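K.L.:
Sharing a structure with you now.
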Number of protein chains: 2
Amino acid sequence: METRRLDVRRFDPAKLQKLNLFQTPRFFCDVYCLSPGQAQRPHRHQASDKVYAVLEGEVVVQVGAERRTLVAGDAVLAPAGVEHGVENPGPGPAALLVFMAPSP
Amino acid sequence: METRRLDVRRFDPAKLQKLNLFQTPRFFCDVYCLSPGQAQRPHRHQASDKVYAVLEGEVVVQVGAERRTLVAGDAVLAPAGVEHGVENPGPGPAALLVFMAPSP
């Protein structure tokens, strides 16, 4: 049994870091680490659903036309076909647990 | 945008409680709340992968023939076809974030 930790972190001033916890043909599970000012730009997946769950810090999530500030413990669904993205406005670091099914 | 909280909890002395956060045809995401002594008995899904991530407390997870104690922040994959289960040996409450893809 291979276990992973939700508190794994790696921050890089160059860009958002994606740390994979698990990947199968059916889904992936990553921890995204965002330094202040970093973002995952809005995009969409035609056939995959995604969940963003905030593990640490505060982020601004966009799903469709709506943008909202989420804090640690908040989670949101970005359904297939819907534009979504996330940014860390700062000043602290932020980390997200991200599930996407199926893997794109 | 509908948000959910990872710290949602509901405990019932009668049985393990499953609180659904999100469900789509592609996956579900639940919070399982286990009082001391409660368990999800070992079972398997032929075509779905599951992740157990411990949000609170301490549990004994079985994946295949292996059993291991996991604590808050630990996560483990139960791949399709592999027997898996979880129990809370006590003495405290336990909560798990559970993802399964696809929804069975």
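Every chain in the structure tokens takes a letter, A first, then B, and so on in the order presented; its residues are numbered from 1, and the ligands are numbered from 1 following the presented order.
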Can you list every residue of chain A that has an atom at most 8 Å from chain B, with its nearest atom pair and the distance in Å to one decimal, using only C-alpha atoms, ordered by chain then number, as a tab-separated table?
P.N.:
```
residue	atom	partner	partner_atom	distance
A:Met1	CA	B:Val63	CA	6.6
A:Glu2	CA	B:Val76	CA	6.4
A:Thr3	CA	B:Val76	CA	4.7
A:Arg4	CA	B:Ala75	CA	5.0
A:Arg5	CA	B:Asp74	CA	4.8
A:Leu6	CA	B:Gly73	CA	5.0
A:Asp7	CA	B:Gly73	CA	6.4
A:Phe22	CA	B:Leu77	CA	7.1
A:Thr24	CA	B:Asp49	CA	7.8
A:Arg26	CA	B:Ala101	CA	6.0
A:Phe27	CA	B:Ala101	CA	6.5
A:Ser48	CA	B:Arg26	CA	7.5
A:Asp49	CA	B:Arg26	CA	7.0
A:Ala53	CA	B:Leu6	CA	7.9
A:Val63	CA	B:Met1	CA	6.5
A:Glu66	CA	B:Met1	CA	6.8
A:Gly73	CA	B:Leu6	CA	5.0
A:Asp74	CA	B:Arg5	CA	4.8
A:Ala75	CA	B:Arg4	CA	5.0
A:Val76	CA	B:Thr3	CA	4.7
A:Leu77	CA	B:Phe22	CA	7.1
A:Ala101	CA	B:Arg26	CA	6.0
A:Pro102	CA	B:Arg26	CA	6.9
```
K.L.:
Go through A:Arg44, A:Leu19, A:Asp30, A:Pro13 and flag the residue nearest Leu97 of chain A, using only C-alpha atoms for the distances.
P.N.:
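Ranked by minimum distance to Leu97 of chain A, first place goes to A:Asp30.
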K.L.:
Considering only strand (DSSP E) as DSSP defines it on the backbone, what residues of segment 2-91 of chain B qualify? List them as a VMD selection string.
P.N.:
chain B and resid 3 to 5 17 to 23 28 to 34 39 to 43 49 to 56 58 to 63 66 to 71 74 to 78 84 to 87
K.L.:
Between atom CA of Val86 of chain B and atom CA of Gly37 of chain B, what is the spacing in Å?
P.N.:
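A separation of 10.6 Å between them.
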K.L.:
Quick one, how far is atom CA of Gly81 of chain B from atom CA of Ser35 of chain B?
P.N.:
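Taking atom CA of Gly81 of chain B as the start and atom CA of Ser35 of chain B as the end point, the length is 27.3 Å.
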K.L.:
Atom CA of His84 of chain B and atom CA of Gln40 of chain B are how many Å apart?
P.N.:
8.7 Å
K.L.:
For a quick check of understanding, using only C-alpha atoms, which of B:Gln46, B:Glu56, B:Asp12, B:Ala39 has the smallest distance to Leu96 of chain B?
P.N.:
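When distances to Leu96 of chain B are compared using only C-alpha atoms, the smallest one comes from B:Glu56.
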K.L.:
Do a neighbour search on Gln38 of chain B at 10 Å with only C-alpha atoms, toss out local chain neighbours closer than 2 positions, and write the hits as a list in words.
P.N.:
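The neighbour list is Asp12, Pro13, Ala14, Lys15, Leu16, Gln17, Cys33, Leu34, Ser35, Pro36, Gln40, Arg41, Val59, Val86, Glu87, Asn88, Pro89, Gly90, Pro93 and Ala94 of chain B.
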